[in-house]
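Reproduced below: my_file_17.txt, with compact mmCIF, C-alpha atoms.
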# COMPACT_ATOMS: atom_id res chain seq x y z
CA MET A 107 -4.51 26.40 154.00
CA GLU A 108 -1.76 26.13 151.38
CA TYR A 109 -0.92 29.14 149.21
CA LEU A 110 0.92 29.07 145.89
CA LYS A 111 2.52 31.67 143.65
CA ILE A 112 0.52 32.06 140.44
CA PHE A 113 1.68 33.00 136.95
CA ASN A 114 0.21 34.17 133.65
CA GLU A 115 0.68 32.48 130.27
CA GLU A 116 4.03 34.26 129.85
CA LYS A 117 5.22 32.70 133.15
CA GLU A 118 5.23 36.10 134.84
CA PRO A 119 4.22 36.13 138.54
CA ILE A 120 0.80 37.72 139.10
CA GLY A 121 0.16 37.03 142.78
CA ILE A 122 -0.71 34.36 145.31
CA ALA A 123 -3.77 32.11 145.59
CA SER A 124 -4.93 29.18 147.69
CA ARG A 125 -4.27 25.71 146.31
CA GLU A 126 -8.02 25.17 145.98
CA GLU A 127 -8.47 28.37 143.96
CA VAL A 128 -5.43 27.56 141.80
CA HIS A 129 -6.93 24.25 140.71
CA LYS A 130 -10.44 25.64 140.39
CA LYS A 131 -9.49 28.56 138.14
CA GLY A 132 -6.55 26.91 136.39
CA TYR A 133 -3.82 29.34 137.40
CA TRP A 134 -0.30 28.42 136.38
CA HIS A 135 1.80 27.47 139.41
CA GLU A 136 5.17 25.88 140.20
CA THR A 137 5.74 22.27 141.16
CA PHE A 138 8.74 20.09 141.96
CA GLN A 139 9.21 16.70 140.33
CA CYS A 140 12.00 14.20 140.87
CA TRP A 141 12.53 11.01 138.89
CA PHE A 142 14.80 8.37 140.45
CA ILE A 143 16.97 6.15 138.27
CA SER A 144 19.33 3.40 139.35
CA LYS A 145 21.79 1.04 137.72
CA CYS A 146 21.94 -2.70 138.34
CA LYS A 147 24.20 -5.11 136.41
CA ASP A 148 24.77 -2.57 133.61
CA LYS A 149 21.03 -1.95 133.19
CA TRP A 150 19.33 1.33 134.04
CA PHE A 151 15.98 1.38 135.82
CA VAL A 152 13.49 4.12 136.60
CA LEU A 153 11.81 4.01 140.01
CA LEU A 154 8.20 5.11 140.40
CA GLN A 155 5.76 5.46 143.27
CA ILE A 156 2.35 3.87 143.62
CA ARG A 157 -0.07 6.46 144.90
CA SER A 158 -1.94 5.69 148.10
CA SER A 159 -5.52 4.43 147.94
CA ASN A 160 -6.35 7.41 150.21
CA LYS A 161 -5.42 9.96 147.54
CA LYS A 162 -8.28 12.06 146.20
CA ASP A 163 -6.79 12.13 142.71
CA TYR A 164 -5.54 9.01 140.90
CA PRO A 165 -5.48 6.60 143.88
CA ASN A 166 -3.44 3.39 143.41
CA LEU A 167 -1.92 4.56 140.12
CA ILE A 168 1.80 4.55 139.24
CA ASP A 169 3.37 8.01 139.19
CA ILE A 170 6.50 10.19 139.33
CA THR A 171 8.93 9.01 142.03
CA ALA A 172 8.35 12.15 144.15
CA ALA A 173 6.50 15.37 143.37
CA GLY A 174 4.63 18.23 145.00
CA HIS A 175 3.73 21.90 144.98
CA ILE A 176 6.19 24.70 145.70
CA MET A 177 4.54 26.91 148.31
CA ALA A 178 4.29 30.69 147.99
CA ASP A 179 7.08 31.21 150.54
CA GLU A 180 9.40 28.59 149.02
CA ALA A 181 11.99 28.44 146.25
CA VAL A 182 12.55 25.52 143.88
CA VAL A 183 15.40 24.26 146.08
CA ASP A 184 12.88 23.67 148.88
CA GLY A 185 11.14 21.07 146.75
CA VAL A 186 13.58 18.39 147.94
CA ARG A 187 11.44 18.14 151.09
CA GLU A 188 8.96 16.17 148.97
CA ILE A 189 11.50 13.37 148.58
CA GLN A 190 12.07 13.13 152.33
CA GLU A 191 8.38 13.42 153.17
CA GLU A 192 7.04 10.92 150.64
CA LEU A 193 9.89 8.41 150.43
CA GLY A 194 11.96 8.84 153.58
CA ILE A 195 15.09 9.36 151.47
CA ASN A 196 17.37 12.26 152.38
CA VAL A 197 18.57 13.98 149.20
CA LYS A 198 20.46 17.26 148.90
CA PHE A 199 19.48 19.66 146.13
CA ASN A 200 23.00 19.67 144.70
CA GLU A 201 22.70 15.91 144.12
CA LEU A 202 19.89 16.46 141.63
CA ILE A 203 20.31 16.81 137.87
CA SER A 204 18.04 19.38 136.26
CA LEU A 205 15.84 18.20 133.39
CA GLY A 206 14.52 21.74 132.94
CA MET A 207 11.03 23.17 133.26
CA ILE A 208 8.09 21.49 131.54
CA ASP A 209 4.70 23.12 131.03
CA TYR A 210 2.18 20.56 132.19
CA SER A 211 -1.56 20.94 131.76
CA VAL A 212 -4.36 18.48 132.56
CA LYS A 213 -8.07 18.61 133.39
CA HIS A 214 -9.45 15.94 135.70
CA LYS A 215 -13.05 16.11 136.92
CA ASN A 216 -13.34 19.59 138.51
CA LEU A 217 -9.59 20.12 138.68
CA ILE A 218 -7.64 22.27 136.19
CA ASP A 219 -3.95 21.63 136.76
CA ASN A 220 -1.62 24.03 134.95
CA GLU A 221 1.87 23.40 136.24
CA LEU A 222 5.27 24.91 135.61
CA ALA A 223 7.07 21.73 136.57
CA ASN A 224 10.68 22.02 137.73
CA VAL A 225 11.88 18.53 136.85
CA PHE A 226 14.94 16.77 138.27
CA LEU A 227 16.71 13.45 138.01
CA TYR A 228 18.33 11.61 140.92
CA LYS A 229 20.76 8.74 140.51
CA SER A 230 19.91 6.45 143.38
CA ASN A 231 21.94 3.71 145.00
CA HIS A 232 19.16 2.86 147.43
CA THR A 233 17.55 -0.54 147.81
CA PHE A 234 13.81 -1.01 148.28
CA ASP A 235 14.46 -1.52 152.00
CA ASP A 236 15.78 2.04 152.28
CA PHE A 237 12.38 3.59 151.51
CA THR A 238 10.17 4.68 154.40
CA LEU A 239 6.91 5.68 152.75
CA GLN A 240 4.45 8.36 153.82
CA LYS A 241 1.55 5.95 153.62
CA GLU A 242 -1.10 8.67 153.33
CA GLU A 243 0.57 9.63 150.05
CA VAL A 244 2.47 6.60 148.76
CA SER A 245 1.67 2.89 149.05
CA GLY A 246 4.56 1.36 147.12
CA ILE A 247 7.70 1.69 145.00
CA VAL A 248 8.39 -0.14 141.75
CA ARG A 249 11.14 -0.13 139.16
CA ILE A 250 11.00 -0.54 135.37
CA GLU A 251 13.92 -1.25 133.08
CA PHE A 252 14.51 2.11 131.43
CA SER A 253 14.68 0.82 127.85
CA SER A 254 11.16 -0.59 128.31
CA PHE A 255 9.96 2.58 130.03
CA TYR A 256 11.28 4.68 127.13
CA GLU A 257 9.40 2.57 124.59
CA PHE A 258 6.30 2.69 126.77
CA CYS A 259 6.42 6.50 127.02
CA THR A 260 7.02 6.98 123.30
CA GLY A 261 4.20 4.67 122.23
CA MET A 262 6.28 1.73 121.02
CA GLN A 263 5.13 -0.51 123.86
CA GLU A 264 1.71 -0.90 125.52
CA GLU A 265 2.84 -2.53 128.76
CA VAL A 266 5.88 -2.86 131.02
CA ARG A 267 7.13 -5.15 133.75
CA ILE A 268 7.16 -3.61 137.22
CA GLN A 269 9.11 -4.95 140.19
CA GLY A 270 9.02 -3.70 143.76
CA PHE A 271 6.64 -3.65 146.68
CA VAL A 272 3.31 -2.27 147.86
CA PHE A 273 1.57 -2.11 151.22
CA ASN A 274 -1.86 -3.75 151.16
CA GLN A 275 -4.95 -2.77 153.17
CA LYS A 276 -3.61 -4.70 156.18
CA HIS A 277 -0.37 -2.68 155.94
CA ASP A 278 1.57 -5.79 154.99
CA ARG A 279 4.41 -5.31 152.53
CA VAL A 280 3.74 -7.33 149.37
CA HIS A 281 6.32 -8.09 146.66
CA ILE A 282 5.43 -7.09 143.07
CA ASN A 283 6.75 -8.63 139.86
CA ARG A 284 4.19 -8.37 137.07
CA ILE A 285 3.11 -6.68 133.86
CA ALA A 286 1.45 -3.23 134.15
CA LYS A 287 -0.68 -1.62 131.45
CA LYS A 288 -1.29 2.05 130.55
CA HIS A 289 -4.47 2.42 132.62
CA GLU A 290 -2.40 1.71 135.75
CA PHE A 291 -0.34 4.88 135.29
CA VAL A 292 -1.40 8.44 136.11
CA PRO A 293 -2.72 9.81 132.79
CA HIS A 294 -0.19 12.58 132.28
CA GLU A 295 -0.17 13.99 128.75
CA ARG A 296 1.49 11.76 126.15
CA SER A 297 3.81 14.67 125.24
CA TYR A 298 4.86 14.95 128.90
CA TYR A 299 5.82 11.28 129.13
CA GLU A 300 7.70 11.52 125.82
CA THR A 301 9.63 14.60 126.94
CA ILE A 302 10.56 13.02 130.28
CA ALA A 303 11.71 9.78 128.67
CA ARG A 304 13.87 11.57 126.11
CA ARG A 305 15.50 13.88 128.67
CA ILE A 306 16.29 10.99 131.00
CA LYS A 307 17.70 9.01 128.06
CA GLU A 308 20.02 11.92 127.23
CA LYS A 309 21.39 11.98 130.79
CA ILE A 310 21.90 8.21 130.81
CA GLU A 311 23.77 8.39 127.52
CA GLU A 312 25.97 11.16 128.91
CA GLU A 313 26.71 9.01 131.95
CA ASN A 314 27.60 6.02 129.75
CA GLU A 315 29.92 8.16 127.60
CA GLU A 316 31.79 9.36 130.67
CA ARG A 317 32.60 5.82 131.75
Represent the supplied structure as structure tokens.
Amino acid sequence: MEYLKIFNEEKEPIGIASREEVHKKGYWHETFQCWFISKCKDKWFVLLQIRSSNKKDYPNLIDITAAGHIMADEAVVDGVREIQEELGINVKFNELISLGMIDYSVKHKNLIDNELANVFLYKSNHTFDDFTLQKEEVSGIVRIEFSSFYEFCTGMQEEVRIQGFVFNQKHDRVHINRIAKKHEFVPHERSYYETIARRIKEKIEEENEER
């Protein structure tokens, strides 16, 4: 059984609880999130995962590149294991760019998910062929041109073009190049998507200014 550190509304630690109890009672707990971006021909892209059809929550939906819970005996730095486990990409913690902590709260069926999300950005030079997916968790990887993703997250656009690959039920790798609509994305809060998009945009602009 997995155990997580739990926190009160003031983000003060108040103990440890099982993952099941955390989501049943809505305790605040820490998570690790990492968003991949990459640059191709002077255009920035954000890379996202497609959740496995085996997932209990939000199967087959498009989500954060890599994310997971920080266990009770772990520190935030240990969260990088999620990248290796889910995507097969070896990333060191000092290669990540902090986007800060975001309070994230959502209710889904019988689940109350109150997260203190430690959010990071990773500038990736990897090709799609470099990803080795944990198929119980992730069924595909897609990329979206960041300018479109930003408009999508901030409500200026209702759909985006996704490009990448997904493994079908026969475990064959299938190429993707199509339009995706809002219902195909994990329904994180609108404010969460807006905050993420703006913070990534700031880092991209800083990168462009340095060049």
Per residue of segment 141-200 of chain A within 10 Å of segment 256-272 of chain A, record the nearest atom pair and its distance in Å to one decimal, counting only C-alpha atoms, with rows in chain order and ascending residue number, as a Markdown table.
| residue | atom | partner | partner_atom | distance |
| --- | --- | --- | --- | --- |
| A:Val152 | CA | A:Tyr256 | CA | 9.7 |
| A:Leu153 | CA | A:Gly270 | CA | 9.0 |
| A:Leu154 | CA | A:Ile268 | CA | 9.3 |
| A:Gln155 | CA | A:Val272 | CA | 9.3 |
| A:Ile156 | CA | A:Val272 | CA | 7.5 |
| A:Arg157 | CA | A:Val272 | CA | 9.8 |
| A:Ser158 | CA | A:Val272 | CA | 9.5 |
| A:Asn166 | CA | A:Val272 | CA | 9.9 |
| A:Ile168 | CA | A:Ile268 | CA | 10.0 |
Is it possible to get the residues within 7 Å of (8.5, 10.2, 143.9) (coordinates as in the file, counting all atoms listed in the file) written as a PDB file with C-alpha atoms, in the coordinates of the input?
ATOM      1  CA  CYS A 140      12.000  14.200 140.870  1.00  0.00           C
ATOM      2  CA  TRP A 141      12.530  11.010 138.890  1.00  0.00           C
ATOM      3  CA  LEU A 154       8.200   5.110 140.400  1.00  0.00           C
ATOM      4  CA  GLN A 155       5.760   5.460 143.270  1.00  0.00           C
ATOM      5  CA  ILE A 170       6.500  10.190 139.330  1.00  0.00           C
ATOM      6  CA  THR A 171       8.930   9.010 142.030  1.00  0.00           C
ATOM      7  CA  ALA A 172       8.350  12.150 144.150  1.00  0.00           C
ATOM      8  CA  ALA A 173       6.500  15.370 143.370  1.00  0.00           C
ATOM      9  CA  ILE A 189      11.500  13.370 148.580  1.00  0.00           C
ATOM     10  CA  GLU A 192       7.040  10.920 150.640  1.00  0.00           C
ATOM     11  CA  LEU A 193       9.890   8.410 150.430  1.00  0.00           C
TER      12      LEU A 193
END
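Taking atom CA of Glu290 of chain A as the reference point, atom CA of Gln190 of chain A is found at 24.8 Å.
When all atoms listed in the file are used to measure the gap to His135 of chain A, the shortest distance among A:Ala178, A:Ala286, A:Leu222, A:Ile302 belongs to A:Leu222.
When all atoms listed in the file are used to compute distances to Gly121 of chain A, the closest of the residues A:Asp163, A:Asp179, A:Glu191, A:Glu300 turns out to be A:Asp179.
Each of A:His214, A:Gly246, A:Asp209, A:Met107 was checked against Lys162 of chain A using all atoms listed in the file; the smallest atom-to-atom distance is that of A:His214.
With atom CA of Asp219 of chain A on one side and atom CA of Glu308 of chain A on the other, the separation reads 27.6 Å.
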* **Pairwise distance for atom CA of Val186 of chain A and atom CA of Lys198 of chain A, rounded to one decimal in Å** => 7.0 Å
Return segment 213-224 of chain A, completed with all heavy atoms, as a tab-separated table (two decimals), in the coordinates of the input.
chain	number	residue	atom	x	y	z
A	213	LYS	N	-6.77	18.40	132.75
A	213	LYS	CA	-8.07	18.61	133.39
A	213	LYS	C	-8.58	17.25	133.85
A	213	LYS	O	-8.61	16.30	133.09
A	213	LYS	CB	-9.06	19.24	132.41
A	213	LYS	CG	-8.70	20.67	132.01
A	213	LYS	CD	-9.75	21.27	131.08
A	213	LYS	CE	-9.39	22.69	130.70
A	213	LYS	NZ	-10.39	23.29	129.76
A	214	HIS	N	-8.97	17.19	135.12
A	214	HIS	CA	-9.45	15.94	135.70
A	214	HIS	C	-10.64	16.25	136.60
A	214	HIS	O	-10.49	16.90	137.64
A	214	HIS	CB	-8.33	15.27	136.50
A	214	HIS	CG	-8.74	14.03	137.23
A	214	HIS	ND1	-9.15	12.88	136.57
A	214	HIS	CD2	-8.83	13.75	138.56
A	214	HIS	CE1	-9.45	11.96	137.46
A	214	HIS	NE2	-9.27	12.46	138.67
A	215	LYS	N	-11.82	15.81	136.18
A	215	LYS	CA	-13.05	16.11	136.92
A	215	LYS	C	-13.18	17.63	137.08
A	215	LYS	O	-13.23	18.35	136.10
A	215	LYS	CB	-13.07	15.38	138.26
A	215	LYS	CG	-13.04	13.86	138.11
A	215	LYS	CD	-13.04	13.15	139.46
A	215	LYS	CE	-12.99	11.64	139.27
A	215	LYS	NZ	-12.93	10.92	140.55
A	216	ASN	N	-13.20	18.15	138.30
A	216	ASN	CA	-13.34	19.59	138.51
A	216	ASN	C	-12.00	20.29	138.70
A	216	ASN	O	-11.95	21.47	139.06
A	216	ASN	CB	-14.23	19.87	139.74
A	216	ASN	CG	-15.65	19.36	139.54
A	216	ASN	OD1	-16.18	19.46	138.43
A	216	ASN	ND2	-16.25	18.83	140.59
A	217	LEU	N	-10.93	19.58	138.44
A	217	LEU	CA	-9.59	20.12	138.68
A	217	LEU	C	-8.95	20.55	137.36
A	217	LEU	O	-8.96	19.80	136.39
A	217	LEU	CB	-8.73	19.05	139.37
A	217	LEU	CG	-7.28	19.38	139.71
A	217	LEU	CD1	-6.89	18.66	141.01
A	217	LEU	CD2	-6.34	18.94	138.60
A	218	ILE	N	-8.42	21.78	137.33
A	218	ILE	CA	-7.64	22.27	136.19
A	218	ILE	C	-6.22	22.48	136.68
A	218	ILE	O	-5.96	23.38	137.47
A	218	ILE	CB	-8.21	23.60	135.64
A	218	ILE	CG1	-9.71	23.47	135.33
A	218	ILE	CG2	-7.46	24.02	134.39
A	218	ILE	CD1	-10.37	24.80	135.02
A	219	ASP	N	-5.32	21.63	136.23
A	219	ASP	CA	-3.95	21.63	136.76
A	219	ASP	C	-2.98	22.15	135.71
A	219	ASP	O	-2.60	21.42	134.79
A	219	ASP	CB	-3.57	20.21	137.20
A	219	ASP	CG	-2.36	20.18	138.09
A	219	ASP	OD1	-1.95	21.26	138.57
A	219	ASP	OD2	-1.81	19.09	138.32
A	220	ASN	N	-2.60	23.42	135.85
A	220	ASN	CA	-1.62	24.03	134.95
A	220	ASN	C	-0.32	24.25	135.71
A	220	ASN	O	-0.21	25.18	136.50
A	220	ASN	CB	-2.15	25.36	134.40
A	220	ASN	CG	-3.27	25.14	133.40
A	220	ASN	OD1	-3.26	24.18	132.63
A	220	ASN	ND2	-4.24	26.04	133.38
A	221	GLU	N	0.63	23.39	135.47
A	221	GLU	CA	1.87	23.40	136.24
A	221	GLU	C	3.07	23.88	135.43
A	221	GLU	O	3.21	23.53	134.25
A	221	GLU	CB	2.19	21.99	136.75
A	221	GLU	CG	1.17	21.39	137.69
A	221	GLU	CD	1.61	20.03	138.20
A	221	GLU	OE1	2.81	19.69	138.03
A	221	GLU	OE2	0.77	19.31	138.75
A	222	LEU	N	3.92	24.64	136.09
A	222	LEU	CA	5.27	24.91	135.61
A	222	LEU	C	6.16	23.96	136.40
A	222	LEU	O	6.55	24.26	137.53
A	222	LEU	CB	5.65	26.37	135.85
A	222	LEU	CG	4.72	27.42	135.20
A	222	LEU	CD1	5.12	28.82	135.62
A	222	LEU	CD2	4.74	27.29	133.68
A	223	ALA	N	6.40	22.79	135.83
A	223	ALA	CA	7.07	21.73	136.57
A	223	ALA	C	8.58	21.85	136.48
A	223	ALA	O	9.16	21.81	135.39
A	223	ALA	CB	6.62	20.37	136.04
A	224	ASN	N	9.22	22.03	137.63
A	224	ASN	CA	10.68	22.02	137.73
A	224	ASN	C	11.10	20.56	137.92
A	224	ASN	O	10.87	19.98	138.99
A	224	ASN	CB	11.13	22.87	138.91
A	224	ASN	CG	10.73	24.33	138.75
A	224	ASN	OD1	11.42	25.10	138.10
A	224	ASN	ND2	9.59	24.71	139.34
